[in-house]
Amino acid sequence: MTTILTAGDHFVLNSLLVDRLRTAAPTATYRELTLPWPVEPFGDVAEVREASGTEEQLITALRGVDICVTQMAPLTERVLEASPDLRLFCVSRGGPVNANIEAATRHGVAVCFAPGRNATATAEHTVALMTAAARRVPATHADLAAGTWRGDYYMFEKVGPELEGSTVGIVGYGAIGSRVARILRGFGAHVLVADPYARARDVAPAELTDLADLMRRSTFVTVHARATPATEGLISRELVDLMPTGGVLVNCARGSLVDYDAVCDALDAGKLFGAAFDVFPREPVPADSRLLTTPNIVMTPHLAGASKQTALNAASIVASEVAGFLAGEPLAHCANPEVLARLQ
(Lines give C-alpha, C1' and ligand atoms only; values in the text may rest on other atoms or scores of the structure.)
Protein backbone atom coordinates (compact mmCIF):
# COMPACT_ATOMS: atom_id res chain seq x y z
CA MET A 1 0.00 0.00 0.00
CA THR A 2 1.38 3.39 -1.04
CA THR A 3 1.26 6.19 1.53
CA ILE A 4 1.18 9.77 0.20
CA LEU A 5 1.77 12.91 2.22
CA THR A 6 0.27 16.12 0.85
CA ALA A 7 2.19 19.00 2.42
CA GLY A 8 0.07 21.82 1.07
CA ASP A 9 -0.20 25.42 2.14
CA HIS A 10 -2.69 28.27 1.90
CA PHE A 11 -2.32 28.57 -1.89
CA VAL A 12 -1.83 25.05 -3.25
CA LEU A 13 -4.33 23.59 -0.83
CA ASN A 14 -4.24 20.05 0.47
CA SER A 15 -7.83 19.67 -0.73
CA LEU A 16 -6.73 20.47 -4.31
CA LEU A 17 -3.82 18.05 -4.13
CA VAL A 18 -5.85 15.22 -2.66
CA ASP A 19 -8.68 15.74 -5.14
CA ARG A 20 -6.29 15.34 -8.09
CA LEU A 21 -4.25 12.56 -6.48
CA ARG A 22 -7.20 10.33 -5.69
CA THR A 23 -7.71 9.91 -9.41
CA ALA A 24 -4.03 9.14 -9.93
CA ALA A 25 -3.69 6.85 -6.92
CA PRO A 26 -7.14 5.80 -5.72
CA THR A 27 -5.93 3.01 -3.43
CA ALA A 28 -3.23 5.03 -1.66
CA THR A 29 -3.39 6.08 1.99
CA TYR A 30 -3.28 9.85 2.44
CA ARG A 31 -1.86 12.07 5.15
CA GLU A 32 -1.90 15.86 5.27
CA LEU A 33 0.40 18.58 6.60
CA THR A 34 -0.49 22.26 6.17
CA LEU A 35 2.47 24.63 5.87
CA PRO A 36 2.20 28.34 6.81
CA TRP A 37 3.09 29.97 3.46
CA PRO A 38 2.08 32.64 2.39
CA VAL A 39 0.78 33.70 5.81
CA GLU A 40 4.46 33.47 6.78
CA PRO A 41 7.06 34.32 4.07
CA PHE A 42 9.16 31.51 2.67
CA GLY A 43 12.88 31.49 3.38
CA ASP A 44 15.99 29.36 3.70
CA VAL A 45 15.66 26.11 5.65
CA ALA A 46 19.03 24.51 6.29
CA GLU A 47 20.65 24.19 2.83
CA VAL A 48 17.54 24.72 0.66
CA ARG A 49 15.86 27.95 -0.46
CA GLU A 50 12.34 29.35 -0.61
CA ALA A 51 10.88 26.79 1.77
CA SER A 52 8.08 26.84 4.33
CA GLY A 53 7.77 24.85 7.53
CA THR A 54 10.55 23.17 9.48
CA GLU A 55 12.67 20.08 9.09
CA GLU A 56 11.16 18.72 12.32
CA GLN A 57 7.61 19.05 10.96
CA LEU A 58 8.46 17.23 7.75
CA ILE A 59 10.48 14.49 9.45
CA THR A 60 7.53 13.69 11.68
CA ALA A 61 5.02 13.81 8.82
CA LEU A 62 7.14 11.62 6.52
CA ARG A 63 7.36 8.59 8.78
CA GLY A 64 6.25 5.63 6.71
CA VAL A 65 5.53 7.84 3.67
CA ASP A 66 6.43 6.71 0.12
CA ILE A 67 5.50 9.87 -1.81
CA CYS A 68 5.37 13.51 -0.73
CA VAL A 69 3.54 16.13 -2.78
CA THR A 70 4.17 19.72 -1.78
CA GLN A 71 4.91 23.23 -2.95
CA MET A 72 7.16 24.54 -0.19
CA ALA A 73 8.23 21.76 2.21
CA PRO A 74 12.02 21.59 2.74
CA LEU A 75 13.68 18.41 1.44
CA THR A 76 17.05 18.65 3.17
CA GLU A 77 19.85 16.22 3.90
CA ARG A 78 18.54 15.85 7.43
CA VAL A 79 14.97 15.17 6.27
CA LEU A 80 16.19 12.58 3.77
CA GLU A 81 18.29 10.77 6.37
CA ALA A 82 15.24 10.52 8.62
CA SER A 83 12.84 9.35 5.85
CA PRO A 84 14.04 5.96 4.55
CA ASP A 85 10.67 5.04 3.01
CA LEU A 86 10.45 8.13 0.78
CA ARG A 87 10.76 7.36 -2.94
CA LEU A 88 9.25 10.38 -4.73
CA PHE A 89 9.16 14.07 -3.77
CA CYS A 90 6.90 16.22 -5.99
CA VAL A 91 7.35 20.00 -5.94
CA SER A 92 4.30 21.73 -7.41
CA ARG A 93 6.21 24.79 -8.64
CA GLY A 94 8.35 25.83 -11.57
CA GLY A 95 11.61 24.63 -10.03
CA PRO A 96 12.53 22.41 -7.05
CA VAL A 97 14.56 25.05 -5.20
CA ASN A 98 13.29 23.75 -1.85
CA ALA A 99 14.80 20.31 -2.50
CA ASN A 100 18.42 19.23 -2.11
CA ILE A 101 18.70 17.37 -5.42
CA GLU A 102 22.20 16.00 -4.81
CA ALA A 103 21.21 14.56 -1.44
CA ALA A 104 17.93 13.20 -2.84
CA THR A 105 19.86 11.39 -5.57
CA ARG A 106 22.22 9.84 -3.03
CA HIS A 107 19.27 8.70 -0.94
CA GLY A 108 17.45 7.27 -3.98
CA VAL A 109 14.57 9.77 -3.95
CA ALA A 110 13.27 11.04 -7.29
CA VAL A 111 12.35 14.75 -7.36
CA CYS A 112 9.88 16.15 -9.87
CA PHE A 113 8.45 19.63 -10.35
CA ALA A 114 5.78 21.54 -12.28
CA PRO A 115 7.18 23.96 -14.88
CA GLY A 116 4.65 26.18 -16.60
CA ARG A 117 2.04 25.96 -13.85
CA ASN A 118 1.89 29.75 -13.46
CA ALA A 119 2.94 30.76 -16.97
CA THR A 120 -0.34 32.36 -18.01
CA ALA A 121 -0.87 34.16 -14.70
CA THR A 122 2.66 35.58 -14.73
CA ALA A 123 2.47 36.62 -18.37
CA GLU A 124 -0.80 38.47 -17.81
CA HIS A 125 0.60 40.14 -14.68
CA THR A 126 3.72 41.19 -16.58
CA VAL A 127 1.74 43.03 -19.25
CA ALA A 128 -0.46 44.57 -16.56
CA LEU A 129 2.67 45.96 -14.86
CA MET A 130 3.98 47.31 -18.17
CA THR A 131 0.85 49.31 -18.79
CA ALA A 132 0.54 50.35 -15.12
CA ALA A 133 4.06 51.81 -15.16
CA ALA A 134 3.70 53.45 -18.58
CA ARG A 135 0.39 55.07 -17.62
CA ARG A 136 1.21 55.85 -13.94
CA VAL A 137 -1.83 53.87 -12.78
CA PRO A 138 -0.91 53.32 -9.09
CA ALA A 139 0.32 56.88 -8.52
CA THR A 140 -2.64 58.58 -10.16
CA HIS A 141 -5.07 56.28 -8.36
CA ALA A 142 -3.45 57.16 -5.03
CA ASP A 143 -3.60 60.88 -5.84
CA LEU A 144 -7.24 60.69 -6.84
CA ALA A 145 -8.16 58.65 -3.75
CA ALA A 146 -6.48 61.37 -1.66
CA GLY A 147 -8.52 64.07 -3.38
CA THR A 148 -5.88 65.36 -5.82
CA TRP A 149 -6.67 65.68 -9.53
CA ARG A 150 -3.33 65.37 -11.38
CA GLY A 151 -4.14 67.06 -14.66
CA ASP A 152 -0.46 67.94 -15.02
CA TYR A 153 0.22 64.30 -15.93
CA TYR A 154 -1.33 65.10 -19.31
CA MET A 155 1.69 67.33 -20.10
CA PHE A 156 3.78 65.95 -22.96
CA GLU A 157 6.97 65.61 -20.92
CA LYS A 158 5.13 63.59 -18.27
CA VAL A 159 3.29 61.04 -20.41
CA GLY A 160 4.65 57.57 -21.11
CA PRO A 161 4.89 55.28 -24.15
CA GLU A 162 2.25 53.02 -25.68
CA LEU A 163 2.79 49.33 -26.31
CA GLU A 164 1.40 49.52 -29.85
CA GLY A 165 4.24 50.30 -32.22
CA SER A 166 6.87 50.05 -29.46
CA THR A 167 9.75 47.59 -29.42
CA VAL A 168 9.49 45.26 -26.42
CA GLY A 169 12.40 43.09 -25.37
CA ILE A 170 11.78 39.75 -23.66
CA VAL A 171 14.75 38.28 -21.76
CA GLY A 172 14.12 34.53 -21.55
CA TYR A 173 11.73 32.68 -23.86
CA GLY A 174 10.42 29.85 -21.74
CA ALA A 175 6.83 29.11 -20.80
CA ILE A 176 6.27 32.64 -19.47
CA GLY A 177 8.33 34.67 -21.93
CA SER A 178 6.69 32.99 -24.92
CA ARG A 179 3.22 33.80 -23.56
CA VAL A 180 4.21 37.42 -22.97
CA ALA A 181 5.29 37.59 -26.61
CA ARG A 182 1.95 36.22 -27.75
CA ILE A 183 0.03 38.79 -25.70
CA LEU A 184 2.22 41.65 -26.92
CA ARG A 185 1.63 40.75 -30.54
CA GLY A 186 -2.04 41.45 -29.85
CA PHE A 187 -1.05 44.94 -28.72
CA GLY A 188 0.80 45.55 -31.97
CA ALA A 189 4.28 45.64 -30.40
CA HIS A 190 7.48 44.63 -32.18
CA VAL A 191 8.98 41.88 -30.01
CA LEU A 192 12.67 41.13 -29.54
CA VAL A 193 13.87 38.00 -27.71
CA ALA A 194 17.21 37.30 -26.02
CA ASP A 195 17.64 33.68 -24.94
CA PRO A 196 20.82 31.64 -25.49
CA TYR A 197 18.78 28.43 -25.78
CA ALA A 198 16.23 29.70 -28.32
CA ARG A 199 16.43 29.49 -32.11
CA ALA A 200 15.11 32.09 -34.54
CA ARG A 201 12.41 29.73 -35.80
CA ASP A 202 11.26 29.09 -32.21
CA VAL A 203 10.54 32.76 -31.49
CA ALA A 204 9.14 33.82 -34.89
CA PRO A 205 7.45 36.16 -35.66
CA ALA A 206 9.45 37.80 -32.84
CA GLU A 207 13.07 38.67 -33.61
CA LEU A 208 15.90 36.79 -31.88
CA THR A 209 18.89 38.91 -30.90
CA ASP A 210 21.57 39.21 -28.23
CA LEU A 211 20.97 40.80 -24.84
CA ALA A 212 22.91 44.02 -25.42
CA ASP A 213 21.12 44.68 -28.71
CA LEU A 214 17.77 43.97 -27.08
CA MET A 215 18.45 46.45 -24.27
CA ARG A 216 19.64 49.08 -26.73
CA ARG A 217 16.57 48.86 -28.97
CA SER A 218 13.70 48.14 -26.54
CA THR A 219 11.41 50.80 -25.08
CA PHE A 220 10.03 48.12 -22.77
CA VAL A 221 12.16 45.29 -21.35
CA THR A 222 10.71 42.39 -19.37
CA VAL A 223 12.80 39.74 -17.64
CA HIS A 224 11.83 36.05 -17.60
CA ALA A 225 15.13 34.19 -17.23
CA ARG A 226 15.64 31.53 -14.57
CA ALA A 227 17.65 32.45 -11.49
CA THR A 228 20.93 30.52 -11.47
CA PRO A 229 24.46 31.41 -10.37
CA ALA A 230 25.20 32.21 -14.02
CA THR A 231 22.29 34.68 -14.34
CA GLU A 232 22.83 36.57 -11.09
CA GLY A 233 23.05 40.27 -11.96
CA LEU A 234 22.13 39.49 -15.57
CA ILE A 235 20.57 42.92 -16.11
CA SER A 236 23.62 44.89 -15.03
CA ARG A 237 24.18 48.62 -14.71
CA GLU A 238 25.86 48.62 -18.11
CA LEU A 239 22.82 47.04 -19.72
CA VAL A 240 20.35 49.31 -17.92
CA ASP A 241 22.32 52.29 -19.24
CA LEU A 242 21.89 50.96 -22.79
CA MET A 243 18.10 51.34 -22.67
CA PRO A 244 16.54 54.21 -24.61
CA THR A 245 15.60 57.32 -22.68
CA GLY A 246 12.02 57.01 -21.50
CA GLY A 247 12.09 53.21 -21.32
CA VAL A 248 10.30 50.90 -18.89
CA LEU A 249 11.89 47.87 -17.21
CA VAL A 250 9.79 45.03 -15.72
CA ASN A 251 10.91 42.06 -13.63
CA CYS A 252 8.50 39.28 -12.67
CA ALA A 253 11.17 36.55 -12.56
CA ARG A 254 13.60 36.75 -9.61
CA GLY A 255 15.19 39.65 -7.77
CA SER A 256 18.72 38.33 -8.25
CA LEU A 257 18.55 38.95 -12.00
CA VAL A 258 18.51 42.77 -11.94
CA ASP A 259 20.76 45.50 -10.54
CA TYR A 260 18.03 47.41 -8.68
CA ASP A 261 20.32 50.26 -7.65
CA ALA A 262 21.13 50.87 -11.30
CA VAL A 263 17.41 51.01 -12.13
CA CYS A 264 16.77 53.47 -9.28
CA ASP A 265 19.65 55.64 -10.49
CA ALA A 266 18.26 55.61 -14.03
CA LEU A 267 14.82 56.63 -12.77
CA ASP A 268 16.20 59.38 -10.55
CA ALA A 269 18.20 60.73 -13.50
CA GLY A 270 15.19 60.67 -15.83
CA LYS A 271 16.86 58.09 -18.06
CA LEU A 272 14.04 55.59 -17.55
CA PHE A 273 10.37 56.57 -17.47
CA GLY A 274 9.29 53.77 -15.17
CA ALA A 275 9.91 50.34 -13.75
CA ALA A 276 7.72 47.58 -12.36
CA PHE A 277 8.76 44.77 -10.05
CA ASP A 278 7.03 41.74 -8.59
CA VAL A 279 10.28 40.32 -7.17
CA PHE A 280 13.02 41.90 -5.09
CA PRO A 281 16.58 41.33 -3.81
CA ARG A 282 15.12 40.95 -0.32
CA GLU A 283 11.57 39.88 0.44
CA PRO A 284 9.69 41.44 2.13
CA VAL A 285 11.13 44.75 0.89
CA PRO A 286 13.06 46.46 3.74
CA ALA A 287 11.62 49.70 5.08
CA ASP A 288 14.77 51.61 4.09
CA SER A 289 14.86 50.33 0.49
CA ARG A 290 15.32 52.87 -2.30
CA LEU A 291 12.55 51.11 -4.15
CA LEU A 292 10.01 52.65 -1.78
CA THR A 293 11.04 56.23 -2.53
CA THR A 294 12.24 56.23 -6.15
CA PRO A 295 9.62 57.77 -8.46
CA ASN A 296 7.42 55.78 -10.86
CA ILE A 297 8.15 52.28 -9.64
CA VAL A 298 5.13 49.98 -9.60
CA MET A 299 5.44 47.10 -7.13
CA THR A 300 3.49 43.97 -6.26
CA PRO A 301 4.51 41.51 -3.50
CA HIS A 302 5.71 38.48 -5.51
CA LEU A 303 2.25 37.45 -6.62
CA ALA A 304 2.49 37.48 -10.41
CA GLY A 305 1.75 33.76 -10.46
CA ALA A 306 -1.12 33.98 -7.98
CA SER A 307 -4.29 32.79 -9.68
CA LYS A 308 -6.77 30.02 -9.00
CA GLN A 309 -5.74 28.39 -12.27
CA THR A 310 -2.10 28.28 -11.12
CA ALA A 311 -2.99 26.33 -7.98
CA LEU A 312 -5.20 23.96 -9.96
CA ASN A 313 -2.51 23.49 -12.63
CA ALA A 314 0.09 22.75 -9.97
CA ALA A 315 -2.05 20.05 -8.38
CA SER A 316 -2.85 18.48 -11.76
CA ILE A 317 0.78 18.39 -12.92
CA VAL A 318 2.14 16.69 -9.82
CA ALA A 319 -0.79 14.25 -9.71
CA SER A 320 0.09 13.24 -13.26
CA GLU A 321 3.69 12.66 -12.19
CA VAL A 322 2.56 10.48 -9.29
CA ALA A 323 0.38 8.42 -11.64
CA GLY A 324 3.31 7.93 -14.03
CA PHE A 325 5.67 7.02 -11.23
CA LEU A 326 3.32 4.37 -9.82
CA ALA A 327 2.85 2.94 -13.32
CA GLY A 328 6.60 2.71 -13.86
CA GLU A 329 6.54 5.30 -16.63
CA PRO A 330 9.08 8.10 -17.27
CA LEU A 331 8.33 11.35 -15.45
CA ALA A 332 7.76 14.46 -17.54
CA HIS A 333 9.69 16.78 -15.23
CA CYS A 334 12.24 14.93 -13.11
CA ALA A 335 15.26 16.76 -11.68
CA ASN A 336 17.25 13.55 -11.14
CA PRO A 337 16.03 10.96 -13.70
CA GLU A 338 18.96 8.67 -12.98
CA VAL A 339 17.17 7.67 -9.76
CA LEU A 340 14.07 6.42 -11.60
CA ALA A 341 15.73 3.33 -13.08
CA ARG A 342 16.59 2.15 -9.60
CA LEU A 343 13.14 2.90 -8.17
CA GLN A 344 11.03 1.56 -11.03
# chains A, B, ... in the order shown; residues from 1 in each chain; ligands from 1
$ residues_around --residues "A:Leu272" --least-positions-apart "4" --cutoff "7 Å" --atoms "only C-alpha atoms" --output "number ranges by chain"
A: 245-248, 266-267
$ write_last_selection --atoms "all heavy atoms" --output "tab-separated table (two decimals), in the first residue's frame"
chain	number	residue	atom	x	y	z
A	245	THR	N	16.20	56.38	-23.62
A	245	THR	CA	15.60	57.32	-22.68
A	245	THR	C	14.09	57.22	-22.74
A	245	THR	O	13.50	57.15	-23.82
A	245	THR	CB	16.04	58.76	-23.01
A	245	THR	OG1	17.47	58.84	-22.89
A	245	THR	CG2	15.39	59.76	-22.07
A	246	GLY	N	13.46	57.15	-21.56
A	246	GLY	CA	12.02	57.01	-21.50
A	246	GLY	C	11.54	55.58	-21.49
A	246	GLY	O	10.34	55.32	-21.61
A	247	GLY	N	12.45	54.62	-21.31
A	247	GLY	CA	12.09	53.21	-21.32
A	247	GLY	C	11.47	52.75	-20.01
A	247	GLY	O	11.48	53.46	-18.99
A	248	VAL	N	10.94	51.52	-20.05
A	248	VAL	CA	10.30	50.90	-18.89
A	248	VAL	C	10.87	49.49	-18.72
A	248	VAL	O	10.89	48.71	-19.68
A	248	VAL	CB	8.76	50.82	-19.07
A	248	VAL	CG1	8.12	50.07	-17.92
A	248	VAL	CG2	8.16	52.21	-19.20
A	266	ALA	N	18.76	55.22	-12.70
A	266	ALA	CA	18.26	55.61	-14.03
A	266	ALA	C	16.92	56.34	-13.92
A	266	ALA	O	16.65	57.27	-14.68
A	266	ALA	CB	18.13	54.38	-14.92
A	267	LEU	N	16.09	55.93	-12.98
A	267	LEU	CA	14.82	56.63	-12.77
A	267	LEU	C	15.04	58.00	-12.16
A	267	LEU	O	14.42	58.99	-12.58
A	267	LEU	CB	13.91	55.79	-11.87
A	267	LEU	CG	13.32	54.53	-12.50
A	267	LEU	CD1	12.78	53.59	-11.42
A	267	LEU	CD2	12.22	54.88	-13.49
$ select_by_dssp --residues "stretch 28-136 of chain A" --states "strand (DSSP E)" --output "list in words"
Thr29, Tyr30, Arg31, Glu32, Leu33, Thr34, Gly43, Asp44, Val45, Val48, Arg49, Glu50, Ala51, Ile67, Cys68, Val69, Thr70, Leu88, Phe89, Cys90, Val91, Ala110, Val111 and Cys112 of chain A
$ closest_residue --among "A:Thr126, A:Gln309, A:Gly53, A:Tyr260" --to "A:Leu292" --atoms "only C-alpha atoms"
A:Tyr260
$ closest_atom_pairs --of "stretch 72-122 of chain A" --to "stretch 4-7 of chain A" --cutoff "12 Å" --atoms "only C-alpha atoms" --output "CSV"
residue,atom,partner,partner_atom,distance
A:Met72,CA,A:Ala7,CA,7.9
A:Ala73,CA,A:Ala7,CA,6.6
A:Pro74,CA,A:Ala7,CA,10.2
A:Leu75,CA,A:Ala7,CA,11.5
A:Asp85,CA,A:Ile4,CA,11.0
A:Leu86,CA,A:Ile4,CA,9.4
A:Arg87,CA,A:Ile4,CA,10.4
A:Leu88,CA,A:Ile4,CA,9.5
A:Phe89,CA,A:Leu5,CA,9.6
A:Cys90,CA,A:Thr6,CA,9.5
A:Val91,CA,A:Ala7,CA,9.9
A:Ser92,CA,A:Ala7,CA,10.4
$ select_by_dssp --residues "stretch 137-289 of chain A" --states "alpha helix (DSSP H)" --output "count of residues only"
48
$ residues_around --residues "stretch 269-271 of chain A" --least-positions-apart "4" --cutoff "12 Å" --atoms "only C-alpha atoms" --output "number ranges by chain"
A: 157-158, 219, 240-249, 262-265, 275, 294-296
$ write_last_selection --atoms "N, CA, C and O atoms" --output "PDB file, in the first residue's frame"
ATOM      1  N   GLU A 157       5.741  66.126 -21.517  1.00  0.00           N
ATOM      2  CA  GLU A 157       6.971  65.614 -20.919  1.00  0.00           C
ATOM      3  C   GLU A 157       6.706  64.622 -19.785  1.00  0.00           C
ATOM      4  O   GLU A 157       7.632  63.977 -19.288  1.00  0.00           O
ATOM      5  N   LYS A 158       5.442  64.487 -19.377  1.00  0.00           N
ATOM      6  CA  LYS A 158       5.126  63.588 -18.273  1.00  0.00           C
ATOM      7  C   LYS A 158       4.380  62.332 -18.704  1.00  0.00           C
ATOM      8  O   LYS A 158       4.117  61.455 -17.873  1.00  0.00           O
ATOM      9  N   THR A 219      12.039  49.814 -25.960  1.00  0.00           N
ATOM     10  CA  THR A 219      11.411  50.805 -25.085  1.00  0.00           C
ATOM     11  C   THR A 219      10.931  50.136 -23.801  1.00  0.00           C
ATOM     12  O   THR A 219      11.012  50.720 -22.715  1.00  0.00           O
ATOM     13  N   VAL A 240      21.406  48.329 -18.218  1.00  0.00           N
ATOM     14  CA  VAL A 240      20.353  49.313 -17.918  1.00  0.00           C
ATOM     15  C   VAL A 240      20.667  50.635 -18.619  1.00  0.00           C
ATOM     16  O   VAL A 240      19.786  51.274 -19.202  1.00  0.00           O
ATOM     17  N   ASP A 241      21.928  51.027 -18.608  1.00  0.00           N
ATOM     18  CA  ASP A 241      22.325  52.291 -19.244  1.00  0.00           C
ATOM     19  C   ASP A 241      22.156  52.263 -20.760  1.00  0.00           C
ATOM     20  O   ASP A 241      22.071  53.325 -21.393  1.00  0.00           O
ATOM     21  N   LEU A 242      22.086  51.060 -21.347  1.00  0.00           N
ATOM     22  CA  LEU A 242      21.892  50.965 -22.794  1.00  0.00           C
ATOM     23  C   LEU A 242      20.450  51.257 -23.219  1.00  0.00           C
ATOM     24  O   LEU A 242      20.205  51.577 -24.382  1.00  0.00           O
ATOM     25  N   MET A 243      19.504  51.163 -22.297  1.00  0.00           N
ATOM     26  CA  MET A 243      18.101  51.337 -22.673  1.00  0.00           C
ATOM     27  C   MET A 243      17.824  52.745 -23.184  1.00  0.00           C
ATOM     28  O   MET A 243      18.446  53.714 -22.733  1.00  0.00           O
ATOM     29  N   PRO A 244      16.888  52.885 -24.108  1.00  0.00           N
ATOM     30  CA  PRO A 244      16.540  54.212 -24.609  1.00  0.00           C
ATOM     31  C   PRO A 244      15.979  55.096 -23.494  1.00  0.00           C
ATOM     32  O   PRO A 244      15.344  54.606 -22.559  1.00  0.00           O
ATOM     33  N   THR A 245      16.201  56.379 -23.619  1.00  0.00           N
ATOM     34  CA  THR A 245      15.604  57.323 -22.676  1.00  0.00           C
ATOM     35  C   THR A 245      14.086  57.216 -22.741  1.00  0.00           C
ATOM     36  O   THR A 245      13.504  57.153 -23.817  1.00  0.00           O
ATOM     37  N   GLY A 246      13.463  57.153 -21.557  1.00  0.00           N
ATOM     38  CA  GLY A 246      12.017  57.011 -21.503  1.00  0.00           C
ATOM     39  C   GLY A 246      11.539  55.576 -21.490  1.00  0.00           C
ATOM     40  O   GLY A 246      10.341  55.320 -21.611  1.00  0.00           O
ATOM     41  N   GLY A 247      12.454  54.621 -21.306  1.00  0.00           N
ATOM     42  CA  GLY A 247      12.091  53.210 -21.319  1.00  0.00           C
ATOM     43  C   GLY A 247      11.469  52.747 -20.013  1.00  0.00           C
ATOM     44  O   GLY A 247      11.477  53.455 -18.992  1.00  0.00           O
ATOM     45  N   VAL A 248      10.941  51.523 -20.048  1.00  0.00           N
ATOM     46  CA  VAL A 248      10.295  50.903 -18.892  1.00  0.00           C
ATOM     47  C   VAL A 248      10.868  49.494 -18.718  1.00  0.00           C
ATOM     48  O   VAL A 248      10.894  48.715 -19.678  1.00  0.00           O
ATOM     49  N   LEU A 249      11.315  49.173 -17.507  1.00  0.00           N
ATOM     50  CA  LEU A 249      11.887  47.866 -17.206  1.00  0.00           C
ATOM     51  C   LEU A 249      10.976  47.121 -16.231  1.00  0.00           C
ATOM     52  O   LEU A 249      10.556  47.679 -15.222  1.00  0.00           O
ATOM     53  N   ALA A 262      20.942  50.248  -9.987  1.00  0.00           N
ATOM     54  CA  ALA A 262      21.127  50.865 -11.301  1.00  0.00           C
ATOM     55  C   ALA A 262      19.793  51.352 -11.860  1.00  0.00           C
ATOM     56  O   ALA A 262      19.722  52.428 -12.469  1.00  0.00           O
ATOM     57  N   VAL A 263      18.728  50.588 -11.650  1.00  0.00           N
ATOM     58  CA  VAL A 263      17.408  51.015 -12.126  1.00  0.00           C
ATOM     59  C   VAL A 263      16.956  52.261 -11.377  1.00  0.00           C
ATOM     60  O   VAL A 263      16.442  53.212 -11.979  1.00  0.00           O
ATOM     61  N   CYS A 264      17.147  52.280 -10.059  1.00  0.00           N
ATOM     62  CA  CYS A 264      16.774  53.472  -9.276  1.00  0.00           C
ATOM     63  C   CYS A 264      17.561  54.697  -9.737  1.00  0.00           C
ATOM     64  O   CYS A 264      17.001  55.797  -9.859  1.00  0.00           O
ATOM     65  N   ASP A 265      18.844  54.514  -9.996  1.00  0.00           N
ATOM     66  CA  ASP A 265      19.653  55.638 -10.488  1.00  0.00           C
ATOM     67  C   ASP A 265      19.127  56.142 -11.826  1.00  0.00           C
ATOM     68  O   ASP A 265      19.055  57.354 -12.063  1.00  0.00           O
ATOM     69  N   ALA A 275       9.506  51.718 -13.980  1.00  0.00           N
ATOM     70  CA  ALA A 275       9.910  50.336 -13.750  1.00  0.00           C
ATOM     71  C   ALA A 275       8.795  49.658 -12.972  1.00  0.00           C
ATOM     72  O   ALA A 275       8.005  50.322 -12.290  1.00  0.00           O
ATOM     73  N   THR A 294      11.901  55.832  -4.783  1.00  0.00           N
ATOM     74  CA  THR A 294      12.238  56.226  -6.153  1.00  0.00           C
ATOM     75  C   THR A 294      10.956  56.416  -6.961  1.00  0.00           C
ATOM     76  O   THR A 294      10.045  55.602  -6.868  1.00  0.00           O
ATOM     77  N   PRO A 295      10.877  57.488  -7.756  1.00  0.00           N
ATOM     78  CA  PRO A 295       9.618  57.771  -8.462  1.00  0.00           C
ATOM     79  C   PRO A 295       9.303  56.770  -9.572  1.00  0.00           C
ATOM     80  O   PRO A 295      10.186  56.204 -10.205  1.00  0.00           O
ATOM     81  N   ASN A 296       7.991  56.575  -9.780  1.00  0.00           N
ATOM     82  CA  ASN A 296       7.419  55.777 -10.865  1.00  0.00           C
ATOM     83  C   ASN A 296       7.928  54.344 -10.913  1.00  0.00           C
ATOM     84  O   ASN A 296       8.247  53.812 -11.973  1.00  0.00           O
TER      85      ASN A 296
END
